[in-house]
Amino acid sequence: VRNASTLVQSPGNYGTVVNPVTGKVWLDRNLGASQVASSTADAASYGDLYQWGRAADGHQLRTSATQNTQATTWLADEGSNLWDGKFIIGFSNWLSTGETDLWSGTAAENNPCPSGYRVPTNAEWNQERLTWSSNNSAGAFASPLKLPVAGYRSLSDGSLDVAGSFGSYWSSTVSGTYSRYLRFNSGNAYMGTFYRANGGSVRCLKD
């Protein structure tokens, strides 16, 4: 687990926000975002897009190169492997093995969050969603977290999709060969499943 000062490509200083209903403490912006969202479609607040369970090896940058070779280990290896720092395309899972605990808690091997923070579970995201003033992107932004519609990155070709209209936020919870995530747009919000090779936003929760 890395300290906040060593997070890759994450300008600015992270602050925290508290949901007064749940009492949960969160980082005030998405990982990799340069600022707290000033609107639901504030591009400077979008941040990075992670493939589920991957460490912050550079693949999460919206402009990272792509690679159509599946990773054979979850360990980032500082550029000595074909896939390090590259967004893996062409597979439902970026990793050829089936590890399911890479983001489970602060002790998880690839936890991308600062020390003392972790990727929230499906239940924790759903608890947060149920406190919103409306069950859509307007409610997501009006919440203490000010969640923007940061889009996602496609596993098929690495393209950026629906930025400015959809939010796709990873949880640490797996579901079969998928992982669970929070999805919202102007019409609704819900917890769903997403292939692990898609790139989604990460918002960190304090232990």
# chains A, B, ... in the order shown; residues from 1 in each chain; ligands from 1
$ closest_atom_pairs --of "segment 41-112 of chain A" --to "segment 165-169 of chain A" --cutoff "10 Å" --atoms "only C-alpha atoms" --output "Markdown table"
| residue | atom | partner | partner_atom | distance |
| --- | --- | --- | --- | --- |
| A:Ala41 | CA | A:Ser165 | CA | 7.4 |
| A:Tyr46 | CA | A:Gly167 | CA | 9.3 |
| A:Leu49 | CA | A:Tyr169 | CA | 9.2 |
| A:Tyr50 | CA | A:Tyr169 | CA | 9.6 |
$ write_last_selection --atoms "all heavy atoms" --output "CSV table (one decimal), in the first residue's frame"
chain,number,residue,atom,x,y,z
A,41,ALA,N,-20.1,17.3,-14.9
A,41,ALA,CA,-19.3,17.0,-16.1
A,41,ALA,C,-18.0,17.8,-16.1
A,41,ALA,O,-17.5,18.2,-17.2
A,41,ALA,CB,-20.1,17.2,-17.4
A,46,TYR,N,-12.4,14.2,-13.4
A,46,TYR,CA,-12.7,12.8,-13.8
A,46,TYR,C,-11.7,11.8,-13.3
A,46,TYR,O,-12.0,10.8,-12.8
A,46,TYR,CB,-12.7,12.7,-15.3
A,46,TYR,CG,-13.9,13.3,-16.0
A,46,TYR,CD1,-13.9,13.5,-17.4
A,46,TYR,CD2,-15.0,13.7,-15.3
A,46,TYR,CE1,-15.0,14.0,-18.1
A,46,TYR,CE2,-16.1,14.3,-15.9
A,46,TYR,CZ,-16.1,14.4,-17.3
A,46,TYR,OH,-17.2,15.0,-18.0
A,49,LEU,N,-8.7,5.9,-14.9
A,49,LEU,CA,-9.6,4.8,-15.2
A,49,LEU,C,-8.8,3.5,-15.1
A,49,LEU,O,-8.0,3.2,-15.9
A,49,LEU,CB,-10.3,4.9,-16.6
A,49,LEU,CG,-11.1,6.1,-16.8
A,49,LEU,CD1,-11.6,6.3,-18.3
A,49,LEU,CD2,-12.4,6.1,-15.9
A,50,TYR,N,-9.2,2.8,-14.0
A,50,TYR,CA,-8.4,1.5,-13.6
A,50,TYR,C,-9.1,0.3,-14.2
A,50,TYR,O,-10.3,0.2,-14.1
A,50,TYR,CB,-8.3,1.4,-12.1
A,50,TYR,CG,-7.4,2.3,-11.4
A,50,TYR,CD1,-7.6,3.6,-11.2
A,50,TYR,CD2,-6.1,1.8,-11.0
A,50,TYR,CE1,-6.7,4.4,-10.6
A,50,TYR,CE2,-5.2,2.6,-10.3
A,50,TYR,CZ,-5.5,3.9,-10.1
A,50,TYR,OH,-4.6,4.7,-9.5
$ residues_around --residues "Leu155 of chain A" --least-positions-apart "3" --cutoff "7 Å" --atoms "only C-alpha atoms" --output "list in words"
Ile89, Gly90, Phe91, Ser92, Gly158, Ala197 and Asn198 of chain A
$ write_last_selection --atoms "N, CA and C atoms" --output "PDB file, in the first residue's frame"
ATOM      1  N   ILE A  89      -6.274  -4.729 -23.819  1.00  0.00           N
ATOM      2  CA  ILE A  89      -7.524  -4.819 -24.571  1.00  0.00           C
ATOM      3  C   ILE A  89      -7.701  -6.226 -25.148  1.00  0.00           C
ATOM      4  N   GLY A  90      -8.942  -6.528 -25.529  1.00  0.00           N
ATOM      5  CA  GLY A  90      -9.231  -7.773 -26.221  1.00  0.00           C
ATOM      6  C   GLY A  90      -9.603  -8.939 -25.340  1.00  0.00           C
ATOM      7  N   PHE A  91      -9.706  -8.709 -24.021  1.00  0.00           N
ATOM      8  CA  PHE A  91     -10.045  -9.775 -23.071  1.00  0.00           C
ATOM      9  C   PHE A  91     -11.065  -9.244 -22.068  1.00  0.00           C
ATOM     10  N   SER A  92     -11.876 -10.153 -21.513  1.00  0.00           N
ATOM     11  CA  SER A  92     -12.821  -9.731 -20.481  1.00  0.00           C
ATOM     12  C   SER A  92     -12.115  -9.443 -19.161  1.00  0.00           C
ATOM     13  N   GLY A 158      -9.773   0.163 -26.003  1.00  0.00           N
ATOM     14  CA  GLY A 158      -9.158   1.191 -25.185  1.00  0.00           C
ATOM     15  C   GLY A 158      -9.730   2.574 -25.368  1.00  0.00           C
ATOM     16  N   ALA A 197     -11.696  -6.033 -17.330  1.00  0.00           N
ATOM     17  CA  ALA A 197     -10.764  -5.361 -18.232  1.00  0.00           C
ATOM     18  C   ALA A 197     -11.248  -3.974 -18.630  1.00  0.00           C
ATOM     19  N   ASN A 198     -12.496  -3.624 -18.324  1.00  0.00           N
ATOM     20  CA  ASN A 198     -12.946  -2.248 -18.548  1.00  0.00           C
ATOM     21  C   ASN A 198     -12.247  -1.318 -17.559  1.00  0.00           C
TER      22      ASN A 198
END
$ atom_distance --atom1 "atom CA of Gln35 of chain A" --atom2 "atom CA of Val162 of chain A"
20.3 Å
$ residues_around --residues "Trp94 of chain A" --least-positions-apart "6" --cutoff "7 Å" --atoms "only C-alpha atoms" --output "PyMOL selection string"
chain A and resi 70-71+88+196-197
$ write_last_selection --atoms "all heavy atoms" --output "PDB file, in the first residue's frame"
ATOM      1  N   GLN A  70      -2.579 -10.514 -22.672  1.00  0.00           N
ATOM      2  CA  GLN A  70      -3.097 -10.626 -21.314  1.00  0.00           C
ATOM      3  C   GLN A  70      -1.954 -10.762 -20.313  1.00  0.00           C
ATOM      4  O   GLN A  70      -0.961 -11.445 -20.583  1.00  0.00           O
ATOM      5  CB  GLN A  70      -4.018 -11.838 -21.238  1.00  0.00           C
ATOM      6  CG  GLN A  70      -5.060 -11.802 -20.163  1.00  0.00           C
ATOM      7  CD  GLN A  70      -6.033 -12.962 -20.298  1.00  0.00           C
ATOM      8  OE1 GLN A  70      -5.724 -13.980 -20.920  1.00  0.00           O
ATOM      9  NE2 GLN A  70      -7.197 -12.833 -19.708  1.00  0.00           N
ATOM     10  N   ALA A  71      -2.073 -10.103 -19.168  1.00  0.00           N
ATOM     11  CA  ALA A  71      -1.055 -10.209 -18.126  1.00  0.00           C
ATOM     12  C   ALA A  71      -1.105 -11.602 -17.503  1.00  0.00           C
ATOM     13  O   ALA A  71      -2.172 -12.174 -17.316  1.00  0.00           O
ATOM     14  CB  ALA A  71      -1.275  -9.150 -17.052  1.00  0.00           C
ATOM     15  N   ILE A  88      -4.766  -3.081 -21.157  1.00  0.00           N
ATOM     16  CA  ILE A  88      -4.896  -4.354 -21.870  1.00  0.00           C
ATOM     17  C   ILE A  88      -6.267  -4.462 -22.521  1.00  0.00           C
ATOM     18  O   ILE A  88      -7.293  -4.283 -21.858  1.00  0.00           O
ATOM     19  CB  ILE A  88      -4.630  -5.525 -20.914  1.00  0.00           C
ATOM     20  CG1 ILE A  88      -3.165  -5.493 -20.460  1.00  0.00           C
ATOM     21  CG2 ILE A  88      -4.959  -6.860 -21.581  1.00  0.00           C
ATOM     22  CD1 ILE A  88      -2.830  -6.467 -19.362  1.00  0.00           C
ATOM     23  N   ARG A 196     -13.780  -7.086 -15.879  1.00  0.00           N
ATOM     24  CA  ARG A 196     -12.651  -6.513 -15.143  1.00  0.00           C
ATOM     25  C   ARG A 196     -11.637  -5.806 -16.032  1.00  0.00           C
ATOM     26  O   ARG A 196     -10.806  -5.038 -15.542  1.00  0.00           O
ATOM     27  CB  ARG A 196     -11.952  -7.609 -14.331  1.00  0.00           C
ATOM     28  CG  ARG A 196     -12.855  -8.192 -13.259  1.00  0.00           C
ATOM     29  CD  ARG A 196     -12.206  -9.366 -12.544  1.00  0.00           C
ATOM     30  NE  ARG A 196     -13.228 -10.087 -11.788  1.00  0.00           N
ATOM     31  CZ  ARG A 196     -13.065 -11.279 -11.251  1.00  0.00           C
ATOM     32  NH1 ARG A 196     -11.895 -11.898 -11.387  1.00  0.00           N
ATOM     33  NH2 ARG A 196     -14.036 -11.861 -10.583  1.00  0.00           N
ATOM     34  N   ALA A 197     -11.696  -6.033 -17.330  1.00  0.00           N
ATOM     35  CA  ALA A 197     -10.764  -5.361 -18.232  1.00  0.00           C
ATOM     36  C   ALA A 197     -11.248  -3.974 -18.630  1.00  0.00           C
ATOM     37  O   ALA A 197     -10.488  -3.208 -19.238  1.00  0.00           O
ATOM     38  CB  ALA A 197     -10.515  -6.199 -19.479  1.00  0.00           C
TER      39      ALA A 197
END
$ atom_distance --atom1 "atom CA of Gly151 of chain A" --atom2 "atom CA of Gly200 of chain A"
7.5 Å
$ closest_residue --among "A:Asp207, A:Thr177, A:Ala44, A:Thr72" --to "Ala107 of chain A" --atoms "only C-alpha atoms"
A:Asp207
$ closest_residue --among "A:Leu61, A:Leu160, A:Leu130, A:Leu82" --to "Ala33 of chain A" --atoms "only C-alpha atoms"
A:Leu61
$ closest_residue --among "A:Tyr178, A:Val25, A:Thr131, A:Leu75" --to "Gly116 of chain A" --atoms "only C-alpha atoms"
A:Val25
$ select_by_dssp --residues "segment 108-185 of chain A" --states "alpha helix (DSSP H)" --output "ChimeraX atom specification"
/A:122-129,137-142
$ residues_around --residues "Val17 of chain A" --least-positions-apart "4" --cutoff "9 Å" --atoms "only C-alpha atoms" --output "list in words"
Lys24, Val25, Trp26, Leu27, Asp28, Pro144 and Leu145 of chain A
$ write_last_selection --atoms "N, CA and C atoms" --output "PDB file, in the first residue's frame"
ATOM      1  N   LYS A  24     -19.395   7.629   6.929  1.00  0.00           N
ATOM      2  CA  LYS A  24     -18.230   7.164   6.186  1.00  0.00           C
ATOM      3  C   LYS A  24     -17.376   8.345   5.730  1.00  0.00           C
ATOM      4  N   VAL A  25     -16.049   8.136   5.754  1.00  0.00           N
ATOM      5  CA  VAL A  25     -15.090   9.153   5.323  1.00  0.00           C
ATOM      6  C   VAL A  25     -14.488   8.707   3.988  1.00  0.00           C
ATOM      7  N   TRP A  26     -14.530   9.608   3.004  1.00  0.00           N
ATOM      8  CA  TRP A  26     -14.049   9.323   1.661  1.00  0.00           C
ATOM      9  C   TRP A  26     -13.013  10.358   1.246  1.00  0.00           C
ATOM     10  N   LEU A  27     -12.168  10.006   0.267  1.00  0.00           N
ATOM     11  CA  LEU A  27     -11.385  11.035  -0.392  1.00  0.00           C
ATOM     12  C   LEU A  27     -12.336  11.965  -1.137  1.00  0.00           C
ATOM     13  N   ASP A  28     -11.923  13.222  -1.286  1.00  0.00           N
ATOM     14  CA  ASP A  28     -12.823  14.226  -1.856  1.00  0.00           C
ATOM     15  C   ASP A  28     -12.862  14.241  -3.373  1.00  0.00           C
ATOM     16  N   PRO A 144     -22.233  14.438  -0.767  1.00  0.00           N
ATOM     17  CA  PRO A 144     -20.949  14.932  -0.243  1.00  0.00           C
ATOM     18  C   PRO A 144     -19.754  14.542  -1.109  1.00  0.00           C
ATOM     19  N   LEU A 145     -19.863  13.447  -1.852  1.00  0.00           N
ATOM     20  CA  LEU A 145     -18.743  12.987  -2.669  1.00  0.00           C
ATOM     21  C   LEU A 145     -18.593  13.761  -3.976  1.00  0.00           C
TER      22      LEU A 145
END
$ atom_distance --atom1 "atom CA of Phe184 of chain A" --atom2 "atom CA of Arg118 of chain A"
21.3 Å
$ closest_residue --among "A:Asp42, A:Asp161, A:Glu128, A:Asp101" --to "Ser175 of chain A" --atoms "only C-alpha atoms"
A:Asp101
$ closest_residue --among "A:Gln127, A:Ser186, A:Ser201, A:Ser172" --to "Gly53 of chain A" --atoms "only C-alpha atoms"
A:Ser172
$ select_by_dssp --residues "segment 93-207 of chain A" --states "strand (DSSP E or B)" --output "compact mmCIF listing (two decimals) with all heavy atoms, in the first residue's frame"
# COMPACT_ATOMS: atom_id res chain seq x y z
N LEU A 95 -6.13 -9.98 -16.65
CA LEU A 95 -5.25 -10.95 -16.00
C LEU A 95 -5.65 -12.36 -16.39
O LEU A 95 -6.83 -12.71 -16.35
CB LEU A 95 -5.34 -10.76 -14.49
CG LEU A 95 -4.44 -11.60 -13.59
CD1 LEU A 95 -2.96 -11.31 -13.85
CD2 LEU A 95 -4.78 -11.31 -12.12
N TYR A 117 -6.70 3.87 3.32
CA TYR A 117 -7.89 3.93 2.47
C TYR A 117 -7.94 2.69 1.59
O TYR A 117 -6.93 2.02 1.38
CB TYR A 117 -7.87 5.20 1.60
CG TYR A 117 -8.11 6.45 2.39
CD1 TYR A 117 -7.09 7.04 3.12
CD2 TYR A 117 -9.36 7.05 2.41
CE1 TYR A 117 -7.30 8.18 3.86
CE2 TYR A 117 -9.59 8.21 3.15
CZ TYR A 117 -8.55 8.77 3.87
OH TYR A 117 -8.77 9.90 4.61
N ARG A 118 -9.12 2.42 1.06
CA ARG A 118 -9.30 1.22 0.24
C ARG A 118 -10.44 1.43 -0.74
O ARG A 118 -11.20 2.42 -0.66
CB ARG A 118 -9.62 0.03 1.15
CG ARG A 118 -10.86 0.24 2.01
CD ARG A 118 -11.16 -0.95 2.91
NE ARG A 118 -12.23 -0.67 3.86
CZ ARG A 118 -13.53 -0.67 3.57
NH1 ARG A 118 -13.94 -0.97 2.34
NH2 ARG A 118 -14.43 -0.40 4.50
N GLY A 151 -17.11 8.65 -17.15
CA GLY A 151 -17.06 7.69 -18.23
C GLY A 151 -16.31 6.42 -17.86
O GLY A 151 -16.05 6.14 -16.69
N TYR A 152 -15.94 5.65 -18.88
CA TYR A 152 -15.12 4.46 -18.66
C TYR A 152 -14.28 4.21 -19.90
O TYR A 152 -14.45 4.86 -20.93
CB TYR A 152 -16.00 3.24 -18.33
CG TYR A 152 -16.71 2.61 -19.51
CD1 TYR A 152 -16.19 1.49 -20.16
CD2 TYR A 152 -17.93 3.11 -19.96
CE1 TYR A 152 -16.85 0.91 -21.23
CE2 TYR A 152 -18.59 2.53 -21.04
CZ TYR A 152 -18.06 1.44 -21.67
OH TYR A 152 -18.70 0.86 -22.74
N ARG A 153 -13.34 3.29 -19.79
CA ARG A 153 -12.48 2.94 -20.92
C ARG A 153 -12.81 1.53 -21.37
O ARG A 153 -12.86 0.60 -20.56
CB ARG A 153 -11.01 3.07 -20.54
CG ARG A 153 -10.09 3.10 -21.74
CD ARG A 153 -8.68 3.50 -21.36
NE ARG A 153 -7.83 3.55 -22.55
CZ ARG A 153 -6.52 3.76 -22.52
NH1 ARG A 153 -5.90 3.95 -21.36
NH2 ARG A 153 -5.82 3.78 -23.65
N LEU A 160 -12.26 5.80 -24.94
CA LEU A 160 -12.97 6.43 -23.83
C LEU A 160 -14.43 6.56 -24.21
O LEU A 160 -14.76 7.13 -25.26
CB LEU A 160 -12.36 7.80 -23.52
CG LEU A 160 -10.90 7.79 -23.06
CD1 LEU A 160 -10.38 9.22 -22.96
CD2 LEU A 160 -10.75 7.07 -21.74
N ASP A 161 -15.30 6.06 -23.37
CA ASP A 161 -16.73 6.04 -23.67
C ASP A 161 -17.53 6.80 -22.61
O ASP A 161 -17.20 6.75 -21.42
CB ASP A 161 -17.25 4.60 -23.74
CG ASP A 161 -16.75 3.86 -24.97
OD1 ASP A 161 -16.33 4.53 -25.94
OD2 ASP A 161 -16.78 2.62 -24.95
N GLY A 167 -21.27 7.74 -15.07
CA GLY A 167 -20.24 7.45 -14.08
C GLY A 167 -20.16 5.95 -13.88
O GLY A 167 -21.20 5.28 -13.83
N SER A 168 -18.95 5.41 -13.79
CA SER A 168 -18.73 3.97 -13.59
C SER A 168 -17.64 3.81 -12.53
O SER A 168 -16.46 4.01 -12.81
CB SER A 168 -18.28 3.32 -14.90
OG SER A 168 -19.26 3.49 -15.91
N TYR A 169 -18.05 3.44 -11.31
CA TYR A 169 -17.15 3.43 -10.16
C TYR A 169 -16.99 2.02 -9.62
O TYR A 169 -17.96 1.38 -9.21
CB TYR A 169 -17.69 4.36 -9.07
CG TYR A 169 -17.53 5.83 -9.41
CD1 TYR A 169 -18.36 6.44 -10.34
CD2 TYR A 169 -16.52 6.58 -8.83
CE1 TYR A 169 -18.20 7.77 -10.68
CE2 TYR A 169 -16.35 7.92 -9.16
CZ TYR A 169 -17.19 8.51 -10.09
OH TYR A 169 -17.02 9.83 -10.42
N TRP A 170 -15.74 1.55 -9.60
CA TRP A 170 -15.46 0.19 -9.15
C TRP A 170 -15.72 0.01 -7.65
O TRP A 170 -15.45 0.90 -6.85
CB TRP A 170 -14.01 -0.16 -9.39
CG TRP A 170 -13.63 -0.53 -10.79
CD1 TRP A 170 -12.67 0.06 -11.56
CD2 TRP A 170 -14.17 -1.60 -11.59
NE1 TRP A 170 -12.58 -0.56 -12.79
CE2 TRP A 170 -13.49 -1.58 -12.82
CE3 TRP A 170 -15.16 -2.56 -11.37
CZ2 TRP A 170 -13.77 -2.50 -13.85
CZ3 TRP A 170 -15.46 -3.45 -12.39
CH2 TRP A 170 -14.76 -3.42 -13.61
N SER A 171 -16.18 -1.18 -7.31
CA SER A 171 -16.16 -1.67 -5.93
C SER A 171 -15.07 -2.74 -5.85
O SER A 171 -14.50 -3.15 -6.86
CB SER A 171 -17.51 -2.25 -5.52
OG SER A 171 -17.67 -3.59 -6.00
N SER A 172 -14.80 -3.22 -4.65
CA SER A 172 -13.82 -4.30 -4.48
C SER A 172 -14.46 -5.68 -4.57
O SER A 172 -13.77 -6.70 -4.50
CB SER A 172 -13.13 -4.16 -3.11
OG SER A 172 -14.09 -4.27 -2.06
N THR A 173 -15.77 -5.73 -4.76
CA THR A 173 -16.54 -6.97 -4.72
C THR A 173 -16.56 -7.66 -6.08
O THR A 173 -16.82 -7.02 -7.10
CB THR A 173 -17.97 -6.69 -4.27
OG1 THR A 173 -17.95 -6.01 -3.01
CG2 THR A 173 -18.78 -7.97 -4.13
N VAL A 174 -16.31 -8.96 -6.10
CA VAL A 174 -16.37 -9.73 -7.33
C VAL A 174 -17.70 -10.46 -7.43
O VAL A 174 -18.39 -10.68 -6.44
CB VAL A 174 -15.20 -10.73 -7.43
CG1 VAL A 174 -13.87 -10.01 -7.39
CG2 VAL A 174 -15.28 -11.77 -6.32
N SER A 175 -18.04 -10.83 -8.66
CA SER A 175 -19.28 -11.57 -8.93
C SER A 175 -19.00 -12.52 -10.09
O SER A 175 -19.07 -12.12 -11.25
CB SER A 175 -20.42 -10.60 -9.27
OG SER A 175 -21.61 -11.31 -9.57
N TYR A 178 -17.01 -11.45 -13.19
CA TYR A 178 -17.16 -10.00 -13.23
C TYR A 178 -16.76 -9.38 -11.88
O TYR A 178 -16.47 -10.09 -10.92
CB TYR A 178 -18.62 -9.61 -13.49
CG TYR A 178 -19.23 -10.13 -14.76
CD1 TYR A 178 -19.80 -11.40 -14.82
CD2 TYR A 178 -19.26 -9.33 -15.90
CE1 TYR A 178 -20.38 -11.87 -15.99
CE2 TYR A 178 -19.85 -9.79 -17.08
CZ TYR A 178 -20.40 -11.05 -17.12
OH TYR A 178 -20.97 -11.51 -18.28
N SER A 179 -16.79 -8.05 -11.83
CA SER A 179 -16.71 -7.33 -10.56
C SER A 179 -17.85 -6.34 -10.50
O SER A 179 -18.39 -5.92 -11.53
CB SER A 179 -15.36 -6.63 -10.41
OG SER A 179 -14.33 -7.57 -10.22
N ARG A 180 -18.23 -5.97 -9.30
CA ARG A 180 -19.38 -5.08 -9.10
C ARG A 180 -18.95 -3.62 -9.20
O ARG A 180 -17.82 -3.27 -8.84
CB ARG A 180 -20.00 -5.34 -7.72
CG ARG A 180 -20.45 -6.76 -7.48
CD ARG A 180 -21.74 -7.10 -8.17
NE ARG A 180 -22.85 -6.30 -7.69
CZ ARG A 180 -24.09 -6.36 -8.21
NH1 ARG A 180 -24.34 -7.17 -9.23
NH2 ARG A 180 -25.06 -5.61 -7.72
N TYR A 181 -19.87 -2.80 -9.67
CA TYR A 181 -19.58 -1.38 -9.79
C TYR A 181 -20.84 -0.54 -9.65
O TYR A 181 -21.96 -1.05 -9.78
CB TYR A 181 -18.87 -1.07 -11.10
CG TYR A 181 -19.73 -1.02 -12.35
CD1 TYR A 181 -19.64 0.05 -13.23
CD2 TYR A 181 -20.64 -2.03 -12.67
CE1 TYR A 181 -20.41 0.11 -14.39
CE2 TYR A 181 -21.40 -1.98 -13.82
CZ TYR A 181 -21.28 -0.91 -14.68
OH TYR A 181 -22.05 -0.85 -15.83
N LEU A 182 -20.64 0.75 -9.36
CA LEU A 182 -21.73 1.72 -9.30
C LEU A 182 -21.81 2.41 -10.65
O LEU A 182 -20.81 2.93 -11.15
CB LEU A 182 -21.45 2.74 -8.19
CG LEU A 182 -22.34 3.99 -8.18
CD1 LEU A 182 -23.80 3.63 -7.88
CD2 LEU A 182 -21.81 4.99 -7.16
N ARG A 183 -22.99 2.45 -11.21
CA ARG A 183 -23.21 3.06 -12.53
C ARG A 183 -24.32 4.09 -12.41
O ARG A 183 -25.34 3.83 -11.79
CB ARG A 183 -23.63 1.97 -13.51
CG ARG A 183 -24.01 2.43 -14.90
CD ARG A 183 -22.82 2.50 -15.80
NE ARG A 183 -23.20 2.41 -17.20
CZ ARG A 183 -22.38 2.59 -18.21
NH1 ARG A 183 -21.10 2.85 -17.97
NH2 ARG A 183 -22.77 2.48 -19.46
N PHE A 184 -24.14 5.26 -13.01
CA PHE A 184 -25.21 6.25 -13.00
C PHE A 184 -25.14 7.16 -14.22
O PHE A 184 -24.08 7.36 -14.81
CB PHE A 184 -25.20 7.08 -11.71
CG PHE A 184 -23.89 7.78 -11.40
CD1 PHE A 184 -23.57 9.00 -11.99
CD2 PHE A 184 -22.99 7.22 -10.50
CE1 PHE A 184 -22.37 9.64 -11.69
CE2 PHE A 184 -21.80 7.86 -10.19
CZ PHE A 184 -21.48 9.07 -10.79
N ALA A 189 -29.46 5.31 -11.30
CA ALA A 189 -28.21 4.82 -10.71
C ALA A 189 -28.48 3.43 -10.16
O ALA A 189 -29.57 3.16 -9.66
CB ALA A 189 -27.74 5.75 -9.59
N TYR A 190 -27.48 2.56 -10.27
CA TYR A 190 -27.67 1.20 -9.80
C TYR A 190 -26.32 0.53 -9.61
O TYR A 190 -25.28 0.99 -10.10
CB TYR A 190 -28.50 0.39 -10.81
CG TYR A 190 -27.88 0.31 -12.19
CD1 TYR A 190 -27.03 -0.74 -12.54
CD2 TYR A 190 -28.16 1.29 -13.15
CE1 TYR A 190 -26.47 -0.82 -13.80
CE2 TYR A 190 -27.61 1.22 -14.41
CZ TYR A 190 -26.75 0.17 -14.74
OH TYR A 190 -26.19 0.11 -15.99
N MET A 191 -26.33 -0.60 -8.89
CA MET A 191 -25.16 -1.45 -8.75
C MET A 191 -25.27 -2.55 -9.79
O MET A 191 -26.30 -3.20 -9.91
CB MET A 191 -25.10 -2.06 -7.35
CG MET A 191 -25.07 -1.05 -6.20
SD MET A 191 -23.77 0.21 -6.31
CE MET A 191 -22.29 -0.83 -6.37
N GLY A 192 -24.19 -2.74 -10.56
CA GLY A 192 -24.20 -3.74 -11.61
C GLY A 192 -22.90 -4.50 -11.66
O GLY A 192 -22.06 -4.41 -10.76
N THR A 193 -22.72 -5.28 -12.74
CA THR A 193 -21.49 -6.02 -12.95
C THR A 193 -20.81 -5.52 -14.22
O THR A 193 -21.47 -5.09 -15.16
CB THR A 193 -21.75 -7.53 -13.07
OG1 THR A 193 -22.70 -7.77 -14.12
CG2 THR A 193 -22.28 -8.09 -11.77
N PHE A 194 -19.47 -5.61 -14.22
CA PHE A 194 -18.65 -5.06 -15.29
C PHE A 194 -17.48 -6.01 -15.50
O PHE A 194 -16.92 -6.53 -14.55
CB PHE A 194 -18.13 -3.69 -14.83
CG PHE A 194 -18.04 -2.62 -15.88
CD1 PHE A 194 -18.85 -2.61 -16.99
CD2 PHE A 194 -17.12 -1.58 -15.73
CE1 PHE A 194 -18.77 -1.60 -17.93
CE2 PHE A 194 -17.03 -0.57 -16.67
CZ PHE A 194 -17.86 -0.57 -17.77
N TYR A 195 -17.13 -6.24 -16.76
CA TYR A 195 -15.92 -7.02 -17.02
C TYR A 195 -14.71 -6.31 -16.42
O TYR A 195 -14.59 -5.09 -16.50
CB TYR A 195 -15.71 -7.21 -18.52
CG TYR A 195 -16.57 -8.28 -19.14
CD1 TYR A 195 -17.40 -7.99 -20.22
CD2 TYR A 195 -16.53 -9.59 -18.67
CE1 TYR A 195 -18.18 -8.98 -20.82
CE2 TYR A 195 -17.31 -10.58 -19.26
CZ TYR A 195 -18.13 -10.27 -20.32
OH TYR A 195 -18.90 -11.25 -20.90
N GLY A 199 -12.08 -0.07 -17.94
CA GLY A 199 -11.46 0.92 -17.06
C GLY A 199 -12.52 1.75 -16.36
O GLY A 199 -13.34 2.40 -17.02
N GLY A 200 -12.52 1.72 -15.04
CA GLY A 200 -13.49 2.48 -14.26
C GLY A 200 -12.83 3.41 -13.26
O GLY A 200 -11.65 3.31 -12.97
N SER A 201 -13.63 4.35 -12.75
CA SER A 201 -13.15 5.30 -11.75
C SER A 201 -12.97 4.61 -10.40
O SER A 201 -13.63 3.61 -10.10
CB SER A 201 -14.15 6.45 -11.58
OG SER A 201 -14.32 7.15 -12.79
N LEU A 205 -12.26 4.91 0.15
CA LEU A 205 -12.98 4.97 1.41
C LEU A 205 -12.00 4.73 2.56
O LEU A 205 -11.17 3.82 2.49
CB LEU A 205 -14.08 3.91 1.42
CG LEU A 205 -14.90 3.74 2.70
CD1 LEU A 205 -15.74 4.98 2.99
CD2 LEU A 205 -15.80 2.51 2.57
N LYS A 206 -12.13 5.52 3.63
CA LYS A 206 -11.26 5.34 4.79
C LYS A 206 -11.69 4.15 5.60
O LYS A 206 -12.87 3.90 5.78
CB LYS A 206 -11.31 6.62 5.66
CG LYS A 206 -10.33 6.60 6.84
CD LYS A 206 -10.38 7.92 7.58
CE LYS A 206 -9.49 7.92 8.81
NZ LYS A 206 -8.07 7.74 8.45
$ residues_around --residues "Ala138 of chain A" --least-positions-apart "2" --cutoff "12 Å" --atoms "only C-alpha atoms" --output "ChimeraX atom specification"
/A:39-41,129,132-136,140-143,145-149,165-167,184-189
$ residues_around --residues "Arg203 of chain A" --least-positions-apart "3" --cutoff "7 Å" --atoms "only C-alpha atoms" --output "list in words"
Leu27, Arg29, Asn30, Leu31 and Val119 of chain A
